[in-house]
Every structure is written in structure tokens, then in C-alpha cells.
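**Q** Below is the file start-v7.cif, which contains mmCIF, C-alpha atoms.
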data_protein
#
loop_
_atom_site.group_PDB
_atom_site.id
_atom_site.type_symbol
_atom_site.label_atom_id
_atom_site.label_comp_id
_atom_site.auth_asym_id
_atom_site.auth_seq_id
_atom_site.Cartn_x
_atom_site.Cartn_y
_atom_site.Cartn_z
ATOM 1 C CA MET D 1 21.874 -18.694 57.310
ATOM 2 C CA SER D 2 19.794 -19.992 54.377
ATOM 3 C CA GLN D 3 16.624 -18.839 56.160
ATOM 4 C CA GLU D 4 18.232 -15.404 56.503
ATOM 5 C CA LYS D 5 18.881 -15.295 52.748
ATOM 6 C CA SER D 6 15.297 -16.269 51.892
ATOM 7 C CA GLU D 7 14.021 -13.336 53.944
ATOM 8 C CA VAL D 8 16.059 -10.794 51.981
ATOM 9 C CA LYS D 9 13.602 -8.543 50.206
ATOM 10 C CA LYS D 10 14.205 -8.214 46.486
ATOM 11 C CA ARG D 11 14.450 -4.772 44.961
ATOM 12 C CA LYS D 12 11.826 -4.152 42.274
ATOM 13 C CA VAL D 13 11.966 -2.704 38.785
ATOM 14 C CA ALA D 14 8.858 -1.713 36.828
ATOM 15 C CA TRP D 15 9.354 -2.583 33.156
ATOM 16 C CA GLY D 16 6.835 -0.909 30.855
ATOM 17 C CA ILE D 17 6.191 -2.231 27.360
ATOM 18 C CA THR D 18 4.417 0.046 24.883
ATOM 19 C CA GLY D 19 3.034 -0.523 21.401
ATOM 20 C CA ALA D 20 6.345 -0.366 19.536
ATOM 21 C CA GLY D 21 7.415 -3.437 17.588
ATOM 22 C CA ASP D 22 10.882 -2.477 16.351
ATOM 23 C CA ARG D 23 13.426 -4.835 17.960
ATOM 24 C CA ILE D 24 10.818 -6.057 20.475
ATOM 25 C CA ALA D 25 12.302 -9.574 20.547
ATOM 26 C CA GLU D 26 15.674 -8.060 21.484
ATOM 27 C CA TYR D 27 14.119 -6.155 24.401
ATOM 28 C CA VAL D 28 12.448 -9.315 25.665
ATOM 29 C CA GLN D 29 15.688 -11.296 25.383
ATOM 30 C CA ILE D 30 17.712 -8.663 27.256
ATOM 31 C CA MET D 31 15.161 -8.452 30.051
ATOM 32 C CA LYS D 32 15.033 -12.255 30.385
ATOM 33 C CA GLU D 33 18.819 -12.333 30.667
ATOM 34 C CA LEU D 34 18.788 -9.604 33.317
ATOM 35 C CA GLN D 35 15.999 -11.356 35.245
ATOM 36 C CA LYS D 36 18.126 -14.509 35.367
ATOM 37 C CA GLU D 37 21.359 -12.667 36.172
ATOM 38 C CA TYR D 38 19.820 -10.662 39.029
ATOM 39 C CA GLU D 39 17.232 -13.209 40.197
ATOM 40 C CA GLN D 40 18.606 -13.333 43.749
ATOM 41 C CA SER D 41 18.243 -9.614 44.383
ATOM 42 C CA VAL D 42 15.902 -8.048 41.799
ATOM 43 C CA GLU D 43 12.328 -8.706 40.724
ATOM 44 C CA ILE D 44 11.314 -7.333 37.329
ATOM 45 C CA GLN D 45 7.577 -6.667 37.166
ATOM 46 C CA VAL D 46 6.088 -6.140 33.705
ATOM 47 C CA PHE D 47 3.472 -3.476 32.977
ATOM 48 C CA VAL D 48 2.068 -3.640 29.457
ATOM 49 C CA SER D 49 0.080 -0.895 27.755
ATOM 50 C CA LYS D 50 -3.006 -1.895 25.791
ATOM 51 C CA ALA D 51 -1.069 -1.283 22.572
ATOM 52 C CA GLY D 52 1.912 -3.162 24.007
ATOM 53 C CA GLU D 53 -0.261 -6.214 24.531
ATOM 54 C CA VAL D 54 -1.345 -6.080 20.880
ATOM 55 C CA VAL D 55 2.293 -5.838 19.737
ATOM 56 C CA LEU D 56 3.454 -8.723 21.956
ATOM 57 C CA LYS D 57 0.664 -10.894 20.524
ATOM 58 C CA PHE D 58 1.439 -9.783 16.958
ATOM 59 C CA TYR D 59 5.095 -10.788 17.367
ATOM 60 C CA GLY D 60 4.215 -14.033 19.174
ATOM 61 C CA LEU D 61 5.993 -12.939 22.376
ATOM 62 C CA GLU D 62 3.142 -12.561 24.866
ATOM 63 C CA SER D 63 3.349 -16.137 26.239
ATOM 64 C CA GLU D 64 7.130 -15.937 26.512
ATOM 65 C CA VAL D 65 6.982 -12.711 28.531
ATOM 66 C CA LYS D 66 4.183 -14.037 30.764
ATOM 67 C CA GLN D 67 6.117 -17.243 31.467
ATOM 68 C CA SER D 68 9.415 -15.440 32.077
ATOM 69 C CA PHE D 69 8.091 -12.767 34.439
ATOM 70 C CA PRO D 70 5.679 -13.843 37.199
ATOM 71 C CA LYS D 71 4.192 -10.362 37.552
ATOM 72 C CA TYR D 72 2.682 -9.429 34.153
ATOM 73 C CA ILE D 73 -0.008 -6.743 34.276
ATOM 74 C CA VAL D 74 -1.919 -5.213 31.367
ATOM 75 C CA GLU D 75 -3.215 -1.641 31.507
ATOM 76 C CA MET D 76 -6.897 -1.160 32.179
ATOM 77 C CA ASN D 77 -6.747 2.646 32.230
ATOM 78 C CA ALA D 78 -4.416 5.474 33.271
ATOM 79 C CA ASN D 79 -4.807 4.603 36.963
ATOM 80 C CA SER D 80 -5.329 0.864 36.855
ATOM 81 C CA PRO D 81 -3.190 -0.788 37.865
ATOM 82 C CA PHE D 82 -2.070 2.061 40.118
ATOM 83 C CA LEU D 83 1.533 2.129 38.898
ATOM 84 C CA ALA D 84 1.632 5.937 39.130
ATOM 85 C CA ALA D 85 1.066 5.846 42.906
ATOM 86 C CA TRP D 86 3.515 2.967 43.355
ATOM 87 C CA MET D 87 6.167 5.001 41.535
ATOM 88 C CA GLN D 88 5.449 8.016 43.757
ATOM 89 C CA MET D 89 5.802 5.821 46.851
ATOM 90 C CA HIS D 90 9.142 4.521 45.526
ATOM 91 C CA LYS D 91 7.938 0.916 45.546
ATOM 92 C CA TYR D 92 10.234 0.442 42.532
ATOM 93 C CA GLU D 93 13.867 1.420 42.133
ATOM 94 C CA PHE D 94 13.012 2.912 38.757
ATOM 95 C CA LEU D 95 10.587 2.783 35.851
ATOM 96 C CA LEU D 96 11.991 1.445 32.580
ATOM 97 C CA ILE D 97 9.894 1.951 29.447
ATOM 98 C CA ALA D 98 11.411 -0.239 26.766
ATOM 99 C CA PRO D 99 10.508 -0.061 23.987
ATOM 100 C CA ALA D 100 8.890 3.360 24.097
ATOM 101 C CA SER D 101 6.689 4.175 21.115
ATOM 102 C CA SER D 102 6.748 7.640 19.564
ATOM 103 C CA ASN D 103 3.244 8.158 20.984
ATOM 104 C CA THR D 104 4.425 7.404 24.534
ATOM 105 C CA VAL D 105 7.501 9.611 24.134
ATOM 106 C CA ALA D 106 5.419 12.529 22.829
ATOM 107 C CA LYS D 107 2.933 12.259 25.689
ATOM 108 C CA ILE D 108 5.658 12.170 28.343
ATOM 109 C CA ALA D 109 7.514 15.034 26.637
ATOM 110 C CA TYR D 110 4.400 17.217 26.816
ATOM 111 C CA GLY D 111 3.180 16.103 30.239
ATOM 112 C CA ILE D 112 0.217 14.049 29.058
ATOM 113 C CA GLY D 113 -0.493 11.199 31.466
ATOM 114 C CA ASP D 114 -3.539 9.532 29.939
ATOM 115 C CA THR D 115 -2.174 5.966 29.874
ATOM 116 C CA MET D 116 -0.823 3.765 32.645
ATOM 117 C CA LEU D 117 2.800 4.227 31.542
ATOM 118 C CA THR D 118 2.682 7.940 30.694
ATOM 119 C CA ASN D 119 0.886 8.636 33.974
ATOM 120 C CA ALA D 120 3.440 6.517 35.879
ATOM 121 C CA ALA D 121 6.329 8.367 34.226
ATOM 122 C CA SER D 122 4.803 11.744 35.047
ATOM 123 C CA MET D 123 4.133 10.841 38.676
ATOM 124 C CA ALA D 124 7.562 9.218 39.095
ATOM 125 C CA LEU D 125 9.294 12.374 37.894
ATOM 126 C CA LYS D 126 7.191 14.499 40.248
ATOM 127 C CA ALA D 127 8.359 12.280 43.124
ATOM 128 C CA PHE D 128 12.047 12.403 42.126
ATOM 129 C CA ALA D 129 11.979 8.749 41.029
ATOM 130 C CA PRO D 130 14.148 7.903 38.019
ATOM 131 C CA VAL D 131 12.619 6.975 34.682
ATOM 132 C CA TYR D 132 14.565 5.249 31.902
ATOM 133 C CA VAL D 133 13.160 5.315 28.394
ATOM 134 C CA VAL D 134 14.390 3.531 25.262
ATOM 135 C CA PRO D 135 12.593 5.275 22.372
ATOM 136 C CA VAL D 136 12.295 3.394 19.105
ATOM 137 C CA ASP D 137 12.364 6.707 17.235
ATOM 138 C CA TYR D 138 15.583 8.010 18.770
ATOM 139 C CA GLU D 139 16.950 10.020 15.835
ATOM 140 C CA GLU D 140 15.747 11.214 12.466
ATOM 141 C CA LYS D 141 16.622 8.606 9.825
ATOM 142 C CA THR D 142 15.288 5.775 7.710
ATOM 143 C CA LEU D 143 15.563 2.273 9.108
ATOM 144 C CA VAL D 144 14.611 -1.263 8.241
ATOM 145 C CA THR D 145 12.749 -3.329 10.826
ATOM 146 C CA LYS D 146 11.651 -6.966 10.842
ATOM 147 C CA LEU D 147 8.020 -7.974 10.774
ATOM 148 C CA PRO D 148 6.834 -11.106 12.613
ATOM 149 C CA ASN D 149 6.853 -13.006 9.313
ATOM 150 C CA GLY D 150 10.551 -12.207 8.854
ATOM 151 C CA LYS D 151 10.032 -9.678 6.074
ATOM 152 C CA ASP D 152 11.737 -6.289 6.180
ATOM 153 C CA MET D 153 9.790 -3.061 6.453
ATOM 154 C CA LYS D 154 11.305 0.354 5.728
ATOM 155 C CA LEU D 155 10.348 3.122 8.178
ATOM 156 C CA ARG D 156 11.052 6.828 8.434
ATOM 157 C CA ILE D 157 11.776 8.274 11.852
ATOM 158 C CA ARG D 158 10.349 11.750 11.569
ATOM 159 C CA LYS D 159 12.064 14.923 12.729
ATOM 160 C CA GLU D 160 9.124 15.619 15.068
ATOM 161 C CA ASP D 161 9.520 12.276 16.828
ATOM 162 C CA ALA D 162 13.274 12.746 17.264
ATOM 163 C CA GLU D 163 12.646 16.252 18.661
ATOM 164 C CA ASN D 164 10.343 14.773 21.318
ATOM 165 C CA VAL D 165 13.184 12.489 22.391
ATOM 166 C CA ARG D 166 15.418 15.572 22.768
ATOM 167 C CA ARG D 167 12.710 17.106 25.019
ATOM 168 C CA LEU D 168 12.854 14.012 27.230
ATOM 169 C CA GLU D 169 16.633 14.317 27.514
ATOM 170 C CA LEU D 170 16.191 17.736 29.129
ATOM 171 C CA MET D 171 13.907 16.458 31.909
ATOM 172 C CA GLU D 172 15.216 16.001 35.427
ATOM 173 C CA ASP D 173 15.466 12.339 36.531
ATOM 174 C CA MET D 174 14.685 11.226 32.961
ATOM 175 C CA HIS D 175 17.311 8.991 31.371
ATOM 176 C CA VAL D 176 17.062 8.344 27.649
ATOM 177 C CA LEU D 177 18.855 5.316 26.231
ATOM 178 C CA SER D 178 19.620 5.136 22.530
ATOM 179 C CA ASP D 179 19.792 1.339 22.269
ATOM 180 C CA PRO D 180 18.259 -1.628 24.098
ATOM 181 C CA LYS D 181 21.752 -2.924 24.899
ATOM 182 C CA GLU D 182 22.225 0.072 27.229
ATOM 183 C CA ILE D 183 19.639 -1.403 29.622
ATOM 184 C CA ARG D 184 22.313 -3.791 30.918
ATOM 185 C CA GLY D 185 24.407 -0.797 32.024
ATOM 186 C CA VAL D 186 21.469 0.597 33.987
ATOM 187 C CA PHE D 187 21.161 -2.665 35.929
ATOM 188 C CA GLU D 188 24.909 -2.813 36.512
ATOM 189 C CA GLU D 189 24.900 0.750 37.843
ATOM 190 C CA TRP D 190 21.879 0.286 40.104
ATOM 191 C CA PHE D 191 22.471 -3.178 41.424
ATOM 192 C CA ALA D 192 26.242 -3.154 41.789
ATOM 193 C CA LYS D 193 25.469 -0.910 44.752
ATOM 194 C CA ALA D 194 23.433 -3.668 46.432
#
Render the structure in this file as C-alpha cells.
**A**
Amino acid sequence: MSQEKSEVKKRKVAWGITGAGDRIAEYVQIMKELQKEYEQSVEIQVFVSKAGEVVLKFYGLESEVKQSFPKYIVEMNANSPFLAAWMQMHKYEFLLIAPASSNTVAKIAYGIGDTMLTNAASMALKAFAPVYVVPVDYEEKTLVTKLPNGKDMKLRIRKEDAENVRRLELMEDMHVLSDPKEIRGVFEEWFAKA
């Protein structure tokens, strides 16, 4: 019986990290909790954009993410690693981009696939594979975010960035989450079925 259990193939989730720093520590914490909670049935594989790698280093989180998730891959170019093809072949249950920078959101909204994650999102949607995005610039407003040194920084979320999020919400198989805490609900929905 135990041998039978060890042969059960885990379902995979592709977690994309872009170059957005707002609440990045919260995203990492949530994903670590989900990895632990679903460790018997789900494998979270991390795909980091070039800008995402810079942000993880800036916030001192790169080592923590690498240690917490055995599969940690940094973008070389739009097709390397070949996440776009893996999404089209449904190797992953879904693609989760969290956090999604305003740059990533704008590119996906306008069909530009010139990075690993924007290309993967575009190809996933073409292949009817679900994509979940948690944009940091969800709605037009002013917010205060924490810098790595603990200081506050005031930011304006521009109308243009919020409008790009609305464009994403209209796309088929695209699921836009307004808060990192909503990621837990996605896992509950997908993996309660297992």
C-alpha cells in the first residue's frame, strides 16, 4: 500500500514570479503554506522572470524561495525554459502569475509574449489552459508599500494600469485575483477535486 502511494503522480502548478515587489513576502509565505498543505498531491514549480529574480534578491527572498521549492527556474528568454509549450501540453494544472507587475499585465492584455511568463500565458490561453494572475496594480488608487529596509513608499496605481487589469478580466480562461489571499481559494477549488 505504501509503495502504491509513492507511485501516485503529483499534479503540477507553474508559479510565475515577476518583477513586482509590493507584498512579495506575503506571496512567498502563502505559496510556502500551500506547498506544505498540498505536499502529498501537488508540486509547485517556480518560474521567475529576469526582473522577478532581481526583486527576490532585493527583498532578500531568493534563497528562501529556492530552498522551499525544489524546482526554481529563472527565465533565459521568451522560450527558455519552454514553459509556453509545457502549458500548451497541459503539463501543469494552471499557470499562476503572482505577483504580476503592471508590465506583465499590459503585455498579456495586448497579446505581447516577449518574456517567458507572458509567452506562457498567451500559449496557455490558446490551448484552453487556465491562467490566474494577481496584479499588484489592481485598481486606481494610492497605496503605501514596504521597502526591504522597512521604510514605507507611497505609490500611485495609474488609471492605465488598472484598465489593463480590466482587459485581462474579459479574457477567456483568464482569472484575475484582487488579493494574494485569494490564491488559497484557487488551490481549494482545484485540489478538492483530487
**Q** Contacts of Met174 of chain D at 9 Å or less, counting only C-alpha atoms, minus same-chain residues fewer than 3 places along, as an MDAnalysis selection string?
**A** chainID D and resid 121 125 129:133 168:171
**Q** Go ahead and find all residues with at least one atom no further than 12 Å from (16.5, 2.4, 37.6) in the file's coordinates, using only C-alpha atoms; report them as a VMD selection string.
**A** chain D and resid 11 to 15 42 44 87 90 to 97 124 128 to 133 173 to 177 183 to 193
**Q** Which residues would end up in the selection if the PyMOL selection byres ((chain D and resi 155) around 6) were applied here, given that I need the answer as a list in words?
**A** Thr142, Leu143, Lys154 and Arg156 of chain D
**Q** For the file shown, what are the residues hit by the PyMOL selection byres ((chain D and resi 135) around 6), laid out as an NGL selection string?
**A** :D and (99-100 or 134 or 136-138)
**Q** Report the distance between atom CA of Pro148 of chain D and atom CA of Ile108 of chain D in Å, rounded to one decimal place.
**A** 28.1 Å
**Q** One decimal, in Å: what's the spacing between atom CA of Phe58 of chain D and atom CA of Gln29 of chain D?
**A**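 Interatomic distance, atom CA of Phe58 of chain D to atom CA of Gln29 of chain D: 16.6 Å.
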